[in-house]
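Structure data (mmCIF, C-alpha atoms) from final-v2.cif:
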```cif
data_target
loop_
_atom_site.label_atom_id
_atom_site.label_comp_id
_atom_site.auth_asym_id
_atom_site.auth_seq_id
_atom_site.Cartn_x
_atom_site.Cartn_y
_atom_site.Cartn_z
CA MET A 1 -10.85 30.00 13.80
CA ASP A 2 -8.68 29.79 16.80
CA HIS A 3 -9.39 32.99 18.71
CA ALA A 4 -11.53 31.18 21.31
CA SER A 5 -8.33 29.78 22.73
CA CYS A 6 -7.19 33.26 23.79
CA PRO A 7 -6.71 33.18 27.53
CA PRO A 8 -9.67 35.28 28.78
CA ALA A 9 -7.92 36.09 32.07
CA SER A 10 -4.97 37.75 30.35
CA PRO A 11 -3.93 40.79 32.32
CA GLN A 12 -3.04 42.69 29.18
CA ALA A 13 -5.55 44.02 26.71
CA PRO A 14 -5.29 41.87 23.56
CA SER A 15 -5.01 44.92 21.32
CA ALA A 16 -2.17 46.53 23.27
CA PRO A 17 0.91 47.00 21.10
CA GLY A 18 4.16 45.11 21.64
CA GLY A 19 4.86 42.37 24.17
CA PRO A 20 5.63 38.71 23.40
CA PRO A 21 2.21 37.22 24.30
CA ASP A 22 0.45 39.54 21.84
CA ASP A 23 2.88 38.75 19.03
CA ALA A 24 2.38 35.07 19.62
CA GLN A 25 -1.37 35.50 19.53
CA ARG A 26 -1.25 37.57 16.38
CA ARG A 27 0.93 34.98 14.74
CA GLU A 28 -1.48 32.18 15.64
CA PHE A 29 -4.34 34.36 14.53
CA LEU A 30 -2.85 35.07 11.09
CA GLY A 31 -1.65 31.51 10.74
CA ALA A 32 -5.15 30.20 11.36
CA ALA A 33 -6.58 32.76 8.97
CA PHE A 34 -4.27 31.69 6.17
CA LYS A 35 -4.91 28.01 6.84
CA ILE A 36 -8.64 28.54 6.60
CA THR A 37 -8.24 30.62 3.46
CA GLY A 38 -6.05 27.96 1.88
CA GLY A 39 -8.45 25.20 2.84
CA ALA A 40 -11.39 27.11 1.45
CA VAL A 41 -9.56 27.72 -1.83
CA VAL A 42 -8.72 24.03 -2.22
CA LEU A 43 -12.33 23.17 -1.47
CA LEU A 44 -13.67 25.75 -3.91
CA ALA A 45 -11.24 24.65 -6.62
CA GLY A 46 -12.34 21.06 -6.14
CA LEU A 47 -16.02 21.98 -6.28
CA ASP A 48 -15.32 24.12 -9.34
CA ALA A 49 -13.59 21.28 -11.17
CA ALA A 50 -16.26 18.78 -10.15
CA ALA A 51 -19.04 21.12 -11.29
CA ASN A 52 -17.30 21.73 -14.62
CA THR A 53 -16.71 18.03 -15.26
CA GLU A 54 -20.38 17.25 -14.94
CA THR A 55 -21.44 19.78 -17.53
CA HIS A 56 -21.91 18.40 -21.00
CA ALA A 57 -19.61 20.58 -23.02
CA PRO A 58 -19.47 19.95 -26.76
CA PRO A 59 -16.75 17.44 -27.72
CA PRO A 60 -13.58 19.14 -28.95
CA GLY A 61 -13.56 17.71 -32.47
CA GLY A 62 -16.66 19.54 -33.64
CA ASP A 63 -18.96 17.66 -36.03
CA ALA A 64 -16.15 15.85 -37.82
CA TYR A 65 -15.07 13.65 -34.92
CA ASN A 66 -16.90 12.65 -31.77
CA TRP A 67 -14.53 11.30 -29.14
CA GLU A 68 -17.41 9.65 -27.28
CA GLU A 69 -17.82 7.22 -30.19
CA HIS A 70 -14.33 5.73 -30.05
CA ARG A 71 -12.05 3.97 -27.61
CA TRP A 72 -8.76 3.21 -29.22
CA ALA A 73 -6.61 0.16 -28.59
CA TYR A 74 -3.43 -1.29 -30.08
CA VAL A 75 -2.28 -4.83 -30.73
CA ILE A 76 1.33 -5.86 -31.38
CA ASP A 77 2.09 -9.38 -32.61
CA THR A 78 5.75 -9.86 -31.77
CA SER A 79 6.02 -13.05 -33.82
CA LYS A 80 5.50 -11.02 -37.01
CA CYS A 81 8.05 -8.27 -36.39
CA ILE A 82 11.10 -8.41 -38.69
CA GLY A 83 12.93 -5.52 -36.99
CA CYS A 84 13.07 -3.29 -40.07
CA GLY A 85 12.44 -0.15 -38.02
CA SER A 86 10.03 1.34 -40.58
CA CYS A 87 7.67 2.25 -37.75
CA VAL A 88 10.40 4.15 -35.91
CA ARG A 89 11.34 6.12 -39.04
CA ALA A 90 7.71 6.82 -39.95
CA CYS A 91 6.98 8.03 -36.41
CA LYS A 92 9.96 10.37 -36.53
CA ALA A 93 8.95 11.79 -39.89
CA GLU A 94 5.28 12.08 -38.98
CA ASN A 95 5.81 13.75 -35.62
CA ASN A 96 9.12 15.61 -36.04
CA VAL A 97 10.63 13.63 -33.19
CA PRO A 98 13.99 15.23 -32.30
CA ASP A 99 17.26 13.42 -33.00
CA GLY A 100 18.30 11.06 -30.25
CA PHE A 101 14.73 10.46 -29.08
CA VAL A 102 11.98 8.07 -30.16
CA ARG A 103 8.27 7.82 -29.44
CA THR A 104 8.20 4.20 -30.51
CA TRP A 105 11.12 1.83 -30.71
CA VAL A 106 11.96 -1.80 -31.39
CA GLU A 107 13.91 -4.03 -29.02
CA ARG A 108 15.64 -7.25 -29.96
CA TYR A 109 15.80 -10.15 -27.51
CA ILE A 110 18.26 -12.97 -28.06
CA VAL A 111 17.75 -15.70 -25.49
CA GLY A 112 19.42 -18.99 -24.75
CA PRO A 113 20.06 -21.28 -21.78
CA GLY A 114 23.40 -19.51 -21.30
CA GLY A 115 22.01 -16.03 -21.02
CA SER A 116 20.09 -13.32 -22.79
CA TYR A 117 21.03 -10.29 -24.84
CA VAL A 118 18.81 -7.25 -25.50
CA ASP A 119 19.61 -4.39 -27.83
CA SER A 120 17.87 -1.50 -29.53
CA PRO A 121 20.45 0.61 -31.39
CA LYS A 122 18.92 4.10 -31.90
CA GLY A 123 15.59 2.46 -31.06
CA GLY A 124 15.87 0.39 -34.23
CA LEU A 125 15.78 3.50 -36.42
CA ASP A 126 18.33 2.11 -38.88
CA GLY A 127 17.45 -1.53 -38.44
CA PHE A 128 19.62 -4.00 -36.53
CA PRO A 129 23.17 -5.23 -37.01
CA ALA A 130 24.34 -8.80 -36.67
CA ALA A 131 24.64 -9.56 -32.97
CA PRO A 132 27.52 -11.78 -31.90
CA THR A 133 26.58 -13.34 -28.60
CA ALA A 134 28.83 -15.21 -26.22
CA PHE A 135 26.18 -17.89 -25.63
CA THR A 136 24.29 -20.13 -28.05
CA PRO A 137 20.87 -18.56 -28.53
CA THR A 138 17.82 -20.78 -28.83
CA LYS A 139 15.28 -18.09 -29.57
CA SER A 140 15.36 -14.50 -30.72
CA PHE A 141 12.67 -12.00 -31.57
CA PHE A 142 11.83 -8.32 -31.92
CA VAL A 143 9.44 -6.45 -29.65
CA PRO A 144 8.08 -3.07 -30.77
CA LYS A 145 7.40 -0.76 -27.85
CA MET A 146 5.65 2.54 -27.33
CA CYS A 147 3.34 4.37 -24.94
CA ASN A 148 0.81 1.87 -23.61
CA HIS A 149 -1.90 4.54 -23.22
CA CYS A 150 -2.85 3.11 -19.83
CA LYS A 151 -6.30 3.52 -18.35
CA GLU A 152 -4.79 4.04 -14.90
CA THR A 153 -1.93 6.29 -15.91
CA PRO A 154 0.90 6.87 -13.45
CA CYS A 155 2.14 9.74 -15.66
CA VAL A 156 -1.15 11.64 -15.45
CA GLN A 157 -1.42 11.05 -11.71
CA VAL A 158 1.93 12.68 -10.96
CA CYS A 159 1.54 15.72 -13.20
CA PRO A 160 1.38 18.73 -10.87
CA VAL A 161 -0.12 21.14 -13.41
CA GLY A 162 -2.70 19.06 -15.30
CA ALA A 163 -0.61 19.01 -18.48
CA SER A 164 -0.89 15.23 -18.90
CA TYR A 165 -4.33 13.78 -19.40
CA ARG A 166 -6.26 10.93 -20.95
CA THR A 167 -8.86 11.78 -23.58
CA LYS A 168 -12.33 10.21 -23.64
CA ASP A 169 -11.33 8.10 -26.62
CA GLY A 170 -8.47 6.64 -24.60
CA VAL A 171 -5.35 8.51 -25.67
CA VAL A 172 -2.83 9.87 -23.18
CA LEU A 173 -1.65 13.30 -24.28
CA VAL A 174 0.60 16.11 -23.07
CA ASP A 175 -0.48 19.74 -23.25
CA GLY A 176 2.78 21.45 -24.21
CA LYS A 177 1.46 24.87 -23.18
CA SER A 178 0.72 23.76 -19.62
CA CYS A 179 3.74 21.50 -19.15
CA ILE A 180 6.43 23.00 -16.94
CA GLY A 181 9.01 20.36 -17.85
CA CYS A 182 9.47 19.02 -14.33
CA GLY A 183 9.93 15.49 -15.66
CA TYR A 184 7.89 13.71 -12.98
CA CYS A 185 5.90 11.91 -15.67
CA VAL A 186 9.10 10.78 -17.39
CA GLN A 187 10.12 9.17 -14.10
CA ALA A 188 6.66 7.79 -13.38
CA CYS A 189 6.12 5.97 -16.67
CA PRO A 190 7.02 2.30 -16.10
CA TYR A 191 7.40 1.77 -19.84
CA GLY A 192 9.95 4.52 -20.47
CA SER A 193 7.82 6.03 -23.19
CA ARG A 194 8.22 9.72 -22.30
CA TYR A 195 11.10 12.12 -22.72
CA LEU A 196 11.74 15.82 -22.32
CA HIS A 197 11.83 17.50 -25.72
CA PRO A 198 15.24 19.19 -26.01
CA GLU A 199 13.84 22.32 -27.71
CA THR A 200 10.54 22.94 -25.94
CA GLN A 201 11.75 21.49 -22.61
CA THR A 202 8.32 19.91 -22.17
CA ALA A 203 7.33 16.27 -21.86
CA ASP A 204 6.74 14.55 -25.18
CA LYS A 205 5.37 11.12 -26.05
CA CYS A 206 3.44 8.97 -28.49
CA THR A 207 -0.01 10.43 -29.21
CA TRP A 208 -1.20 7.44 -31.27
CA CYS A 209 -0.94 10.11 -33.96
CA TYR A 210 -3.96 11.95 -32.58
CA HIS A 211 -3.83 14.31 -35.58
CA ARG A 212 -4.30 11.27 -37.83
CA ILE A 213 -6.72 9.02 -35.95
CA THR A 214 -9.19 11.88 -35.49
CA LYS A 215 -9.24 12.19 -39.30
CA GLY A 216 -9.90 8.50 -39.83
CA LEU A 217 -6.29 7.56 -40.59
CA LYS A 218 -4.18 4.97 -38.78
CA PRO A 219 -1.15 5.98 -36.71
CA ALA A 220 1.93 6.33 -38.94
CA CYS A 221 3.64 3.27 -37.39
CA VAL A 222 0.64 1.07 -38.24
CA GLU A 223 0.34 2.62 -41.69
CA VAL A 224 3.87 1.62 -42.72
CA CYS A 225 4.31 -1.72 -40.89
CA PRO A 226 5.02 -4.18 -43.72
CA THR A 227 4.18 -7.34 -41.77
CA ALA A 228 1.02 -6.21 -39.93
CA THR A 229 2.83 -6.62 -36.63
CA ARG A 230 1.08 -3.48 -35.44
CA ALA A 231 -2.67 -3.02 -35.50
CA PHE A 232 -4.81 -0.16 -34.29
CA GLY A 233 -8.53 -0.31 -33.69
CA ASP A 234 -11.64 0.83 -31.93
CA MET A 235 -12.96 -1.08 -28.90
CA LEU A 236 -16.41 0.44 -29.37
CA ARG A 237 -16.84 -1.19 -32.80
CA GLU A 238 -17.86 -4.83 -32.51
CA ASP A 239 -16.57 -5.80 -35.96
CA ASP A 240 -13.18 -4.21 -35.42
CA PRO A 241 -10.34 -6.73 -35.98
CA VAL A 242 -8.32 -5.31 -33.08
CA ARG A 243 -11.25 -5.60 -30.69
CA GLN A 244 -11.87 -9.15 -31.91
CA THR A 245 -8.24 -10.06 -31.35
CA ILE A 246 -8.33 -8.69 -27.82
CA ASP A 247 -11.67 -10.37 -27.10
CA ARG A 248 -10.84 -13.78 -28.55
CA GLU A 249 -7.07 -14.32 -28.52
CA ARG A 250 -4.69 -14.88 -25.62
CA VAL A 251 -3.26 -11.40 -25.31
CA ALA A 252 -0.69 -10.18 -22.83
CA ILE A 253 0.06 -6.77 -21.40
CA MET A 254 3.34 -5.31 -20.28
CA GLN A 255 3.99 -5.10 -16.51
CA GLY A 256 0.48 -6.14 -15.50
CA HIS A 257 1.45 -6.24 -11.83
CA LEU A 258 1.53 -2.43 -11.83
CA LEU A 259 -2.23 -2.35 -12.55
CA THR A 260 -1.87 0.46 -15.05
CA GLN A 261 -4.32 -1.23 -17.46
CA PRO A 262 -2.31 -0.69 -20.64
CA GLN A 263 -4.27 -0.42 -23.88
CA CYS A 264 -1.42 -1.86 -25.93
CA PHE A 265 -1.95 -5.60 -26.10
CA TYR A 266 0.70 -8.10 -27.15
CA LEU A 267 0.43 -11.41 -28.92
CA ASN A 268 3.23 -13.96 -28.44
CA LEU A 269 4.98 -11.98 -25.73
CA ASP A 270 7.92 -13.79 -24.15
CA MET A 271 8.49 -13.77 -20.41
CA GLU A 272 11.93 -12.20 -21.00
CA VAL A 273 10.23 -8.99 -22.10
CA ARG A 274 9.72 -6.32 -19.49
CA MET B 1 -16.80 42.99 22.88
CA GLU B 2 -13.08 42.22 22.46
CA HIS B 3 -14.02 38.81 21.01
CA GLY B 4 -16.39 40.45 18.58
CA ARG B 5 -13.56 42.59 17.25
CA HIS B 6 -11.39 39.49 16.85
CA VAL B 7 -14.08 37.74 14.88
CA PHE B 8 -14.54 40.78 12.68
CA ARG B 9 -10.81 41.05 12.02
CA ILE B 10 -10.26 37.41 11.17
CA THR B 11 -13.32 37.40 8.93
CA LEU B 12 -11.91 40.41 7.13
CA VAL B 13 -8.53 38.68 6.71
CA VAL B 14 -10.23 35.53 5.41
CA ILE B 15 -12.40 37.46 2.96
CA VAL B 16 -9.47 39.54 1.67
CA GLY B 17 -7.34 36.40 1.35
CA LEU B 18 -10.03 34.45 -0.45
CA THR B 19 -10.76 37.28 -2.84
CA ALA B 20 -7.08 37.68 -3.67
CA VAL B 21 -6.67 33.96 -4.32
CA LEU B 22 -9.83 33.71 -6.40
CA ILE B 23 -8.86 36.73 -8.51
CA GLY B 24 -5.35 35.34 -8.93
CA ARG B 25 -6.78 31.95 -9.86
CA GLY B 26 -9.02 33.57 -12.45
CA PHE B 27 -5.98 35.00 -14.19
CA LEU B 28 -3.72 31.95 -13.82
CA VAL B 29 -6.00 28.99 -14.57
CA PRO B 30 -6.64 28.57 -18.33
CA LYS B 31 -10.27 29.16 -19.34
CA SER B 32 -11.01 25.67 -20.60
CA HIS B 33 -9.38 23.91 -17.64
CA GLY B 34 -11.72 21.48 -15.91
CA ILE B 35 -14.39 21.11 -18.61
CA PHE B 36 -13.60 17.42 -19.16
CA GLY B 37 -11.20 16.86 -16.27
CA ALA B 38 -8.18 18.41 -14.64
CA TYR B 39 -6.66 19.60 -17.90
CA ARG B 40 -7.04 22.32 -20.49
CA ALA B 41 -9.87 21.10 -22.72
CA ASP B 42 -8.79 23.30 -25.64
CA ASN B 43 -5.66 21.20 -25.96
CA VAL B 44 -7.66 18.26 -27.34
CA ALA B 45 -8.67 20.27 -30.41
CA GLU B 46 -5.12 21.64 -30.64
CA GLN B 47 -3.73 18.10 -30.71
CA MET B 48 -6.16 17.17 -33.51
CA LYS B 49 -4.70 19.85 -35.74
CA ALA B 50 -1.18 19.79 -34.34
CA ARG B 51 0.20 19.00 -37.81
CA SER B 52 -0.85 17.74 -41.22
CA PRO B 53 -0.68 13.98 -41.65
CA ALA B 54 2.56 13.13 -43.46
CA HIS B 55 1.91 9.51 -44.44
CA HIS B 56 -1.04 8.70 -46.69
CA GLY B 57 -0.56 5.10 -47.76
CA PRO B 58 -0.07 3.42 -51.16
CA ALA B 59 -3.53 4.41 -52.43
CA SER B 60 -2.46 8.04 -52.59
CA CYS B 61 0.48 7.20 -54.90
CA ALA B 62 -1.48 5.12 -57.40
CA PRO B 63 -3.24 7.95 -59.34
CA CYS B 64 0.09 9.37 -60.58
CA HIS B 65 2.37 6.31 -60.43
CA LYS B 66 0.09 3.66 -61.89
CA ALA B 67 2.63 1.22 -63.34
CA LYS B 68 4.87 1.09 -60.26
CA SER B 69 1.86 0.84 -57.95
CA GLU B 70 0.42 -2.06 -59.90
CA ALA B 71 3.77 -3.84 -60.00
CA ARG B 72 4.11 -3.42 -56.25
CA ALA B 73 0.57 -4.56 -55.53
CA ALA B 74 1.04 -7.70 -57.62
CA GLY B 75 4.47 -8.69 -56.29
CA SER B 76 5.88 -9.97 -53.05
CA HIS B 77 6.30 -6.41 -51.77
CA LYS B 78 2.54 -5.88 -51.81
CA THR B 79 2.44 -5.38 -48.04
CA VAL B 80 5.29 -2.88 -48.11
CA SER B 81 3.87 0.62 -48.27
CA CYS B 82 5.52 2.95 -50.80
CA GLU B 83 6.40 5.27 -47.92
CA VAL B 84 8.55 2.62 -46.21
CA CYS B 85 11.27 3.11 -48.82
CA HIS B 86 10.39 6.50 -50.28
CA GLY B 87 9.52 8.45 -47.15
CA PRO B 88 6.29 10.28 -46.29
CA LEU B 89 4.11 11.68 -49.07
CA LEU B 90 4.20 15.14 -47.48
CA LEU B 91 7.78 15.54 -48.78
CA HIS B 92 6.40 15.22 -52.30
CA VAL B 93 2.81 16.42 -52.35
CA ALA B 94 1.05 19.00 -50.18
CA ASP B 95 -2.52 20.23 -50.75
CA GLY B 96 -2.71 18.27 -54.00
CA LYS B 97 0.35 19.99 -55.50
CA VAL B 98 3.80 18.52 -56.11
CA THR B 99 6.12 20.35 -53.76
CA GLY B 100 9.35 18.39 -53.97
CA LYS B 101 11.09 15.21 -55.05
CA MET B 102 10.86 12.10 -52.95
CA PRO B 103 14.17 10.81 -51.71
CA VAL B 104 14.94 7.48 -53.36
CA ASP B 105 17.41 5.37 -51.42
CA LYS B 106 18.84 2.75 -53.73
CA ALA B 107 21.63 1.55 -51.47
CA PHE B 108 21.80 -2.12 -50.50
CA THR B 109 21.52 -1.03 -46.85
CA LEU B 110 17.84 -0.19 -47.44
CA CYS B 111 17.17 -3.78 -48.54
CA ALA B 112 19.36 -5.07 -45.72
CA ARG B 113 17.08 -3.53 -43.09
CA CYS B 114 14.58 -6.27 -43.82
CA HIS B 115 16.46 -8.97 -45.68
CA ARG B 116 19.90 -9.28 -44.07
CA ARG B 117 20.00 -12.50 -42.09
CA ILE B 118 20.38 -11.53 -38.45
CA GLN B 119 19.32 -12.87 -35.09
CA GLY B 120 15.75 -11.90 -34.28
CA ARG B 121 13.92 -12.18 -37.59
CA PRO B 122 11.23 -14.84 -37.92
CA GLU B 123 12.70 -17.89 -39.68
CA LYS B 124 10.04 -17.89 -42.43
CA PHE B 125 10.83 -14.36 -43.51
CA PRO B 126 12.97 -14.21 -46.69
CA GLN B 127 16.49 -13.22 -45.67
CA VAL B 128 20.00 -13.79 -46.94
CA VAL B 129 23.54 -13.65 -45.67
CA LEU B 130 24.47 -10.68 -47.83
CA GLU B 131 28.16 -11.55 -48.02
CA GLN B 132 27.32 -14.96 -49.49
CA HIS B 133 24.31 -13.85 -51.55
CA VAL B 134 26.13 -11.04 -53.35
CA THR B 135 28.93 -12.46 -55.44
CA THR B 136 30.20 -9.07 -56.63
CA ARG B 137 31.15 -6.27 -54.23
CA LEU B 138 28.63 -5.40 -51.53
CA GLU B 139 28.13 -1.70 -52.23
CA GLY B 140 25.71 0.89 -53.60
CA ALA B 141 22.67 -0.28 -55.51
CA VAL B 142 23.99 -3.82 -55.90
CA CYS B 143 20.60 -5.43 -55.06
CA LEU B 144 18.88 -3.56 -57.89
CA GLU B 145 21.22 -5.08 -60.48
CA CYS B 146 19.21 -8.30 -60.24
CA HIS B 147 16.03 -7.38 -58.34
CA ASP B 148 13.29 -4.91 -59.17
CA ALA B 149 12.48 -3.22 -55.87
CA HIS B 150 8.79 -2.94 -56.80
CA SER B 151 8.50 -6.62 -57.68
CA PRO B 152 11.60 -8.25 -56.30
CA LYS B 153 11.06 -11.93 -57.18
CA LEU B 154 13.55 -13.09 -59.80
#
```
Please lay out the structure from this file as structure tokens.
Amino acid sequence: MDHASCPPASPQAPSAPGGPPDDAQRREFLGAAFKITGGAVVLLAGLDAAANTETHAPPPGGDAYNWEEHRWAYVIDTSKCIGCGSCVRACKAENNVPDGFVRTWVERYIVGPGGSYVDSPKGGLDGFPAAPTAFTPTKSFFVPKMCNHCKETPCVQVCPVGASYRTKDGVVLVDGKSCIGCGYCVQACPYGSRYLHPETQTADKCTWCYHRITKGLKPACVEVCPTATRAFGDMLREDDPVRQTIDRERVAIMQGHLLTQPQCFYLNLDMEVR
Amino acid sequence: MEHGRHVFRITLVVIVGLTAVLIGRGFLVPKSHGIFGAYRADNVAEQMKARSPAHHGPASCAPCHKAKSEARAAGSHKTVSCEVCHGPLLLHVADGKVTGKMPVDKAFTLCARCHRRIQGRPEKFPQVVLEQHVTTRLEGAVCLECHDAHSPKL
């Protein structure tokens, strides 16, 4: 409230019409008013959100599924992957992923002293062709990739409308009704796991098959993996094989230096993999 | 008293502004926004029922396709889910009723996705150089002439 700064010794009455000093004052006056209003709204909105968050609303799944009782995690053993692409096809069929896009994909790394070669034709949807390389490879392997469902999600942080969020059971989701399709999250994701859906023009991504896991099923990619490369489990269950793997084995995460705390853990991850 | 009028006016402006914003916010912000965090809480339930699960695993095939299921479960393809080759169950059965035929891909390319020898596959995994392995022409359902897809060991 800035009116105290009005010069008290002004020869003109402040309410007199016209004149540059009055206009300037009125402008300051209104400017200050709007600033205060804006500030108050931001404050109120913050208080509102904080107050709402603390209330114990019923979990969204009803009686059938309590999201407080689960915290999902994923383990990928790259040494088992045969690059068949069954996971990519199953994901597409399960989630109606549009042509030209994938929610999960498989990359092939061919590495030798003379160089390295990485490919992922159509994300591995139709498997992989023979790969003639100019160098003599000494090792080669497949690496399935997908949304890492990070605890500290860059994609959620940048969303300007609250369309991206992380559920209490640890799944990063996009609310298609709120999403305005600005694509910030697509840019922010260091794993390249988001895309703009060509029909809805909203951000789309792996949901860990939220429609399946909340019914007690595994994600489609895990369901069809013939070599058990992919495993999905619950960190809140002590006897869960995935939790035991993460607790007891030497697991790696992708791009750990970004501190995003991914919840996809890798076994036998090579340093070539980014 | 001039200052008093200023205070009154700016208070009025602030109150009118605040009211307008709060009313506008009431219309624009979705009802369930902010219950669990800065997002629309209703979306969690929407995501749960976004679609019917399409894949149901080998156990759901066994009741009707007993012989093939048993052959698969006993053979070296026991870890390969029926839906890997046949596609999701939802194409075939919905709500317990048969709704359509499952696509059956018998082409050698289906087998080649796993068993063609290429860079990248683990050495232990059974794989062949198709051009050497197949002595006749490499086309169509050539693999099935010798191998049973449900129990492929010769």
Contact check, chain B to chain A, at most 6 Å, counting only C-alpha atoms, closest pairs as a tab-separated table:
```
residue	atom	partner	partner_atom	distance
B:Val14	CA	A:Thr37	CA	5.6
B:Leu18	CA	A:Thr37	CA	5.8
B:Gly34	CA	A:Ala49	CA	5.1
B:Ile35	CA	A:Asn52	CA	5.0
B:Phe36	CA	A:Thr53	CA	5.0
B:Gly37	CA	A:Thr53	CA	5.7
B:Ala38	CA	A:Gly162	CA	5.6
B:Tyr39	CA	A:Gly162	CA	4.8
B:Ala45	CA	A:Pro60	CA	5.2
B:Met48	CA	A:His211	CA	4.2
B:Lys49	CA	A:His211	CA	5.6
B:Pro53	CA	A:Arg212	CA	5.9
B:Ala54	CA	A:Glu94	CA	5.3
B:Thr79	CA	A:Pro226	CA	5.2
B:Val80	CA	A:Pro226	CA	4.6
B:Ser81	CA	A:Val224	CA	5.6
B:Val84	CA	A:Val224	CA	5.9
B:Arg113	CA	A:Cys84	CA	5.0
B:Cys114	CA	A:Cys84	CA	5.0
B:Ile118	CA	A:Ala130	CA	5.1
B:Gly120	CA	A:Phe141	CA	4.1
B:Arg121	CA	A:Ile82	CA	4.8
```
Preceding selection exported with C-alpha atoms as a PDB file, keeping the file's coordinate frame:
```
ATOM      1  CA  VAL B  14     -10.230  35.530   5.410  1.00  0.00           C
ATOM      2  CA  LEU B  18     -10.030  34.450  -0.450  1.00  0.00           C
ATOM      3  CA  GLY B  34     -11.720  21.480 -15.910  1.00  0.00           C
ATOM      4  CA  ILE B  35     -14.390  21.110 -18.610  1.00  0.00           C
ATOM      5  CA  PHE B  36     -13.600  17.420 -19.160  1.00  0.00           C
ATOM      6  CA  GLY B  37     -11.200  16.860 -16.270  1.00  0.00           C
ATOM      7  CA  ALA B  38      -8.180  18.410 -14.640  1.00  0.00           C
ATOM      8  CA  TYR B  39      -6.660  19.600 -17.900  1.00  0.00           C
ATOM      9  CA  ALA B  45      -8.670  20.270 -30.410  1.00  0.00           C
ATOM     10  CA  MET B  48      -6.160  17.170 -33.510  1.00  0.00           C
ATOM     11  CA  LYS B  49      -4.700  19.850 -35.740  1.00  0.00           C
ATOM     12  CA  PRO B  53      -0.680  13.980 -41.650  1.00  0.00           C
ATOM     13  CA  ALA B  54       2.560  13.130 -43.460  1.00  0.00           C
ATOM     14  CA  THR B  79       2.440  -5.380 -48.040  1.00  0.00           C
ATOM     15  CA  VAL B  80       5.290  -2.880 -48.110  1.00  0.00           C
ATOM     16  CA  SER B  81       3.870   0.620 -48.270  1.00  0.00           C
ATOM     17  CA  VAL B  84       8.550   2.620 -46.210  1.00  0.00           C
ATOM     18  CA  ARG B 113      17.080  -3.530 -43.090  1.00  0.00           C
ATOM     19  CA  CYS B 114      14.580  -6.270 -43.820  1.00  0.00           C
ATOM     20  CA  ILE B 118      20.380 -11.530 -38.450  1.00  0.00           C
ATOM     21  CA  GLY B 120      15.750 -11.900 -34.280  1.00  0.00           C
ATOM     22  CA  ARG B 121      13.920 -12.180 -37.590  1.00  0.00           C
TER      23      ARG B 121
END
```
Task: Near-Gln261 of chain A list (7 Å; all atoms listed in the file; drop same-chain fewer than 4 positions) as a list in words - done: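 These residues fall inside the cut-off: Cys150, Lys151 and Glu152 of chain A.
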Only C-alpha atoms, please: the residues just picked out, written as a CSV table (one decimal), in the frame of the given file.
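This went into part_34.csv:
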```csv
chain,number,residue,atom,x,y,z
A,150,CYS,CA,-2.8,3.1,-19.8
A,151,LYS,CA,-6.3,3.5,-18.4
A,152,GLU,CA,-4.8,4.0,-14.9
```
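When the PyMOL selection byres ((chain A and resi 248-257) around 9) is evaluated on the file shown here, the picked residues come out as A:Val75, A:Asn148, A:Pro190, A:Tyr191, A:Arg243, A:Gln244, A:Thr245, A:Ile246, A:Asp247, A:Leu258, A:Leu259, A:Thr260, A:Gln261, A:Pro262, A:Gln263, A:Cys264, A:Phe265, A:Tyr266, A:Leu267, A:Asn268, A:Leu269, A:Val273, A:Arg274.
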- [ ] Around the point (-16.2, 7.6, -29.1) in the file's coordinates, collect all residues with an atom within 8 Å, using all atoms listed in the file, and return them as a list in words.
- [x] Asn66, Trp67, Glu68, Glu69, His70, Arg71, Lys168, Asp169 and Leu236 of chain A
Open item on the list: Rounded to one decimal, what separation in Å do you get between atom CA of Lys92 of chain A and atom CA of Leu91 of chain B?
Closed with: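 These two atoms are separated by 13.5 Å.
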Task: Selection result for the PyMOL selection byres ((chain B and resi 134) around 12) on this file, as JSON, numbers by chain - done: {"B": [108, 112, 116, 128, 129, 130, 131, 132, 133, 135, 136, 137, 138, 139, 140, 141, 142, 143, 144, 145, 146, 147]}
Would you export the selected residues with C-alpha atoms as a PDB file, in the coordinates of the input, please?
```
ATOM      1  CA  PHE B 108      21.800  -2.120 -50.500  1.00  0.00           C
ATOM      2  CA  ALA B 112      19.360  -5.070 -45.720  1.00  0.00           C
ATOM      3  CA  ARG B 116      19.900  -9.280 -44.070  1.00  0.00           C
ATOM      4  CA  VAL B 128      20.000 -13.790 -46.940  1.00  0.00           C
ATOM      5  CA  VAL B 129      23.540 -13.650 -45.670  1.00  0.00           C
ATOM      6  CA  LEU B 130      24.470 -10.680 -47.830  1.00  0.00           C
ATOM      7  CA  GLU B 131      28.160 -11.550 -48.020  1.00  0.00           C
ATOM      8  CA  GLN B 132      27.320 -14.960 -49.490  1.00  0.00           C
ATOM      9  CA  HIS B 133      24.310 -13.850 -51.550  1.00  0.00           C
ATOM     10  CA  THR B 135      28.930 -12.460 -55.440  1.00  0.00           C
ATOM     11  CA  THR B 136      30.200  -9.070 -56.630  1.00  0.00           C
ATOM     12  CA  ARG B 137      31.150  -6.270 -54.230  1.00  0.00           C
ATOM     13  CA  LEU B 138      28.630  -5.400 -51.530  1.00  0.00           C
ATOM     14  CA  GLU B 139      28.130  -1.700 -52.230  1.00  0.00           C
ATOM     15  CA  GLY B 140      25.710   0.890 -53.600  1.00  0.00           C
ATOM     16  CA  ALA B 141      22.670  -0.280 -55.510  1.00  0.00           C
ATOM     17  CA  VAL B 142      23.990  -3.820 -55.900  1.00  0.00           C
ATOM     18  CA  CYS B 143      20.600  -5.430 -55.060  1.00  0.00           C
ATOM     19  CA  LEU B 144      18.880  -3.560 -57.890  1.00  0.00           C
ATOM     20  CA  GLU B 145      21.220  -5.080 -60.480  1.00  0.00           C
ATOM     21  CA  CYS B 146      19.210  -8.300 -60.240  1.00  0.00           C
ATOM     22  CA  HIS B 147      16.030  -7.380 -58.340  1.00  0.00           C
TER      23      HIS B 147
END
```
